[in-house]
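S.K.: Sending over a structure as structure tokens; questions will come in a sec.
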Amino acid sequence: MKIRNKAQTAAAGLAVLLALSACGGTANSSDSPDASKTTNTTDISEGVQPDEKAVSLLPASYKDKGELTVAMDLHYPPTTFLAEDNSTPIGLNPDIARLVAKKLGLKLKFQDTKFDTIVPGLDGGRYDFTATTMSKTAERLKVLDMIDYFKAGNSVAVAAGNPLNLSNETLCGKNIAVTQGSTGQLKRLPALSEQTCTSKGQPAINAVTLPNVQEALTQLASKRIDGILYDTTSLAWAEKQQPKSFTILTPQINVGSSDLTAIGVKKGSALTPALQAAIQSVLNSPEYKKSLSTWGLDAGAITDAKLN
């Protein structure tokens, strides 16, 4: 019974910590190595001027409206989450969205949206674009124009110290969590399972679909799952908040999908040319490198805002 209680306590503590880092709060903030980042709500786009080329491509309807609506799931530090004031979007993706809007000479409105509803929302015209660390897939490209802006990746997290001695090649038959609607769920885990398990006559990896990474880390701490397949950057951030709470396997998982992430807009949108020009202007700017450095994502820098 004591062992069970310790596991529950550890899981609960980790869940509270991650909830605070993603959704605001003050508890433990002074102990966090990234506390100053989660309290700083300065707009990185202050002083940035519109890009003439991008503005010249902007449809009149957007100029008349004067505002863009961006859809994001604001629960994924360090790329997309809320500051400790529980209202200001911060992270790489809010930085990029603000810079894109400024390059177009427009105001920006954030719409907090569940990840797996963003693509239907864009297709249905409820949002103008998304910047939410979304990888390109054949299915998404059927309904979206996607413009590269960052290089990410996925990794597997296992229990602290890796007591089961797992590797990326020995997950057959294990319970591995993925988040609903993610590339990990739709592409990477199935590809990894086929490559390392079923093609060799081994049992498939058992995907456990959960609503968010907070729930997944809670279940990992309480030993209800064996691992989590998730964005490397977010796992690294969570590990900083509570060191030695889990172990990240190396190398990254690079099967099933591109490691490039892209801003999405409805396929064939009149906004696409202006958006691509604005994103290219952002990639060429010092603010892009500053944002990457702030969030510990320097290795994800790219130089070409390619339209897919």
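Please note that chains go A, B, ... in the order of the structure tokens, that every chain numbers its residues from 1, and that ligands are numbered from 1 in the order shown.
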Write out as JSON, numbers by chain the residues lying within 8 Å of Val178 (chain A), counting only C-alpha atoms and excluding same-chain residues fewer than 3 positions away.
M.R.: {"A": [182, 184, 185, 207, 208, 209, 210, 216, 228, 229, 230]}
S.K.: Could you pull the residues within 9 Å of Asp231 (chain A), counting only C-alpha atoms, minus those fewer than 6 positions along the same chain, as a compact mmCIF listing (two decimals) with N, CA and C atoms, in the first residue's frame?
M.R.:
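Saved to out.txt:
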```txt
# COMPACT_ATOMS: atom_id res chain seq x y z
N ALA A 152 11.21 20.11 -35.90
CA ALA A 152 10.99 19.51 -34.59
C ALA A 152 11.29 18.02 -34.67
N GLY A 153 10.71 17.25 -33.77
CA GLY A 153 10.90 15.81 -33.76
C GLY A 153 10.18 15.18 -32.60
N ASN A 154 10.08 13.86 -32.59
CA ASN A 154 9.43 13.11 -31.51
C ASN A 154 10.43 12.19 -30.82
N SER A 155 10.19 11.99 -29.53
CA SER A 155 11.00 11.05 -28.75
C SER A 155 10.08 10.23 -27.85
N VAL A 156 10.63 9.15 -27.33
CA VAL A 156 9.90 8.32 -26.37
C VAL A 156 10.43 8.59 -24.97
N GLY A 184 2.19 11.73 -33.83
CA GLY A 184 2.63 10.52 -33.14
C GLY A 184 1.58 9.43 -33.19
```
S.K.: Using only C-alpha atoms, which protein or nucleic acid residues come within 10 Å of region 290-299 of chain A? Drop anything in the same chain fewer than 5 positions from it, and give the result as a list of chain:residue names.
M.R.: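 Everything that qualifies: A:Asp34, A:Lys37, A:Ile44, A:Pro77, A:Pro78, A:Thr79, A:Ile90, A:Gly91, A:Leu92, A:Asn93, A:Pro94, A:Asp95, A:Ile96, A:Phe150, A:Lys151, A:Ala152, A:Thr233, A:Ala236, A:Trp237, A:Ser285.
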S.K.: List the neighbours of Phe115 (chain A) out to 9 Å using only C-alpha atoms; skip same-chain residues closer than 6 positions along the sequence, and give me the result as a list in words.
M.R.: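 So the residues in contact are Ala71, Met72, Asp73, Thr132, Gln180, Gly181 and Ser182 of chain A.
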S.K.: Please identify all polymer residues within 12 Å of region 47-64 of chain A, counting only C-alpha atoms, omitting same-chain residues fewer than 5 positions from it, and present them as a PDB file with C-alpha atoms, in the first residue's frame.
M.R.:
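So the final result, stored in part-v3.pdb, reads:
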```pdb
ATOM      1  CA  THR A  42       6.686  41.026 -23.487  1.00  0.00           C
ATOM      2  CA  THR A  69      -7.364  34.790 -36.122  1.00  0.00           C
ATOM      3  CA  ARG A  98       2.682  37.716 -33.596  1.00  0.00           C
ATOM      4  CA  LEU A  99       5.624  38.310 -35.926  1.00  0.00           C
ATOM      5  CA  VAL A 100       3.659  37.073 -38.953  1.00  0.00           C
ATOM      6  CA  ALA A 101       0.750  39.389 -38.139  1.00  0.00           C
ATOM      7  CA  LYS A 102       3.109  42.329 -37.664  1.00  0.00           C
ATOM      8  CA  LYS A 103       4.828  41.616 -40.993  1.00  0.00           C
ATOM      9  CA  LEU A 104       1.368  41.825 -42.587  1.00  0.00           C
ATOM     10  CA  GLY A 105       0.457  44.997 -40.714  1.00  0.00           C
ATOM     11  CA  LEU A 106      -2.471  43.276 -38.980  1.00  0.00           C
ATOM     12  CA  LYS A 107      -3.675  42.726 -35.434  1.00  0.00           C
ATOM     13  CA  LEU A 108      -3.765  39.170 -34.078  1.00  0.00           C
ATOM     14  CA  ASP A 128      -7.402  32.210 -40.670  1.00  0.00           C
ATOM     15  CA  SER A 269      -6.708  30.435 -49.625  1.00  0.00           C
ATOM     16  CA  ALA A 270      -6.215  33.923 -51.035  1.00  0.00           C
ATOM     17  CA  LEU A 271      -4.168  34.541 -47.883  1.00  0.00           C
ATOM     18  CA  THR A 272      -1.513  31.917 -48.725  1.00  0.00           C
ATOM     19  CA  PRO A 273       0.875  34.047 -50.874  1.00  0.00           C
ATOM     20  CA  ALA A 274       0.963  36.884 -48.342  1.00  0.00           C
ATOM     21  CA  LEU A 275       1.338  34.443 -45.463  1.00  0.00           C
ATOM     22  CA  GLN A 276       4.275  32.692 -47.133  1.00  0.00           C
ATOM     23  CA  ALA A 277       6.010  36.026 -47.785  1.00  0.00           C
ATOM     24  CA  ALA A 278       5.452  37.085 -44.169  1.00  0.00           C
ATOM     25  CA  ILE A 279       6.810  33.795 -42.813  1.00  0.00           C
ATOM     26  CA  GLN A 280       9.909  34.070 -45.008  1.00  0.00           C
ATOM     27  CA  SER A 281      10.433  37.588 -43.675  1.00  0.00           C
ATOM     28  CA  VAL A 282      10.133  36.228 -40.125  1.00  0.00           C
ATOM     29  CA  ASN A 284      15.115  36.120 -42.029  1.00  0.00           C
ATOM     30  CA  SER A 285      14.633  38.267 -38.931  1.00  0.00           C
ATOM     31  CA  PRO A 286      16.662  38.483 -35.712  1.00  0.00           C
ATOM     32  CA  GLU A 287      13.434  38.025 -33.752  1.00  0.00           C
ATOM     33  CA  TYR A 288      13.082  34.473 -35.117  1.00  0.00           C
TER      34      TYR A 288
END
```
S.K.: For Pro251 (chain A), which residue among A:Ala157, A:Leu283, A:Ala301, A:Leu68 is the nearest when counting only C-alpha atoms?
M.R.: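 The closest residue to Pro251 (chain A) is A:Ala157.
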S.K.: Out of A:Val255, A:Leu122, A:Ala191, A:Leu220, which residue has the shortest atom-to-atom distance to Asp145 (chain A) when counting only C-alpha atoms?
M.R.: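 Of A:Val255, A:Leu122, A:Ala191, A:Leu220, the one nearest Asp145 (chain A) is A:Leu122, counting only C-alpha atoms.
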S.K.: Quick one: residues within 12 Å of Val119 (chain A), only C-alpha atoms counted, chain neighbours fewer than 2 positions away excluded, as a PyMOL selection string?
M.R.: chain A and resi 70-73+113-117+121-132+134-137+139-146+181-182+263-267
S.K.: Using DSSP assignments from the backbone, pull out every residue in region 78-241 of chain A that falls under strand (DSSP E) and give it to me as a VMD selection string.
M.R.: chain A and resid 81 to 82 89 to 90 107 to 112 129 to 135 144 to 151 154 to 159 175 to 179 206 to 210 227 to 231
S.K.: If you run DSSP on the backbone, which residues of region 7-196 of chain A are helix (DSSP H, G or I), as number ranges by chain?
M.R.: A: 7-23, 29-31, 35-39, 52-56, 60-65, 92-103, 115-123, 138-141, 183-196
S.K.: Between A:Leu164, A:Ile302, A:Ala262, A:Leu82, which one has atoms that come closest to Asp148 (chain A), using only C-alpha atoms?
M.R.: A:Ala262
S.K.: Which residue is closest to Ala83 (chain A)? Choose from A:Thr38, A:Leu249, A:Asp112, A:Asn254 and count only C-alpha atoms.
M.R.: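 Under the stated criterion, the closest residue is A:Thr38.
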S.K.: For a quick check of understanding, using only C-alpha atoms, which of A:Asn86, A:Ala97, A:Leu189, A:Tyr76 has the smallest distance to Ser257 (chain A)?
M.R.: A:Leu189
S.K.: Using only C-alpha atoms, which residue out of A:Lys244, A:Thr218, A:Ala138, A:Ile225 lies closest to Lys174 (chain A)?
M.R.: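 Checking each candidate against Lys174 (chain A), we get A:Ile225 as the closest.
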S.K.: Please list as a list in words every residue within 9 Å of Leu171 (chain A), counting only C-alpha atoms and excluding residues in the same chain fewer than 5 positions away.
M.R.: Leu166, Ile176, Ser193, Thr196, Cys197, Ala204, Ile205, Asn206, Asp226 and Gly227 of chain A
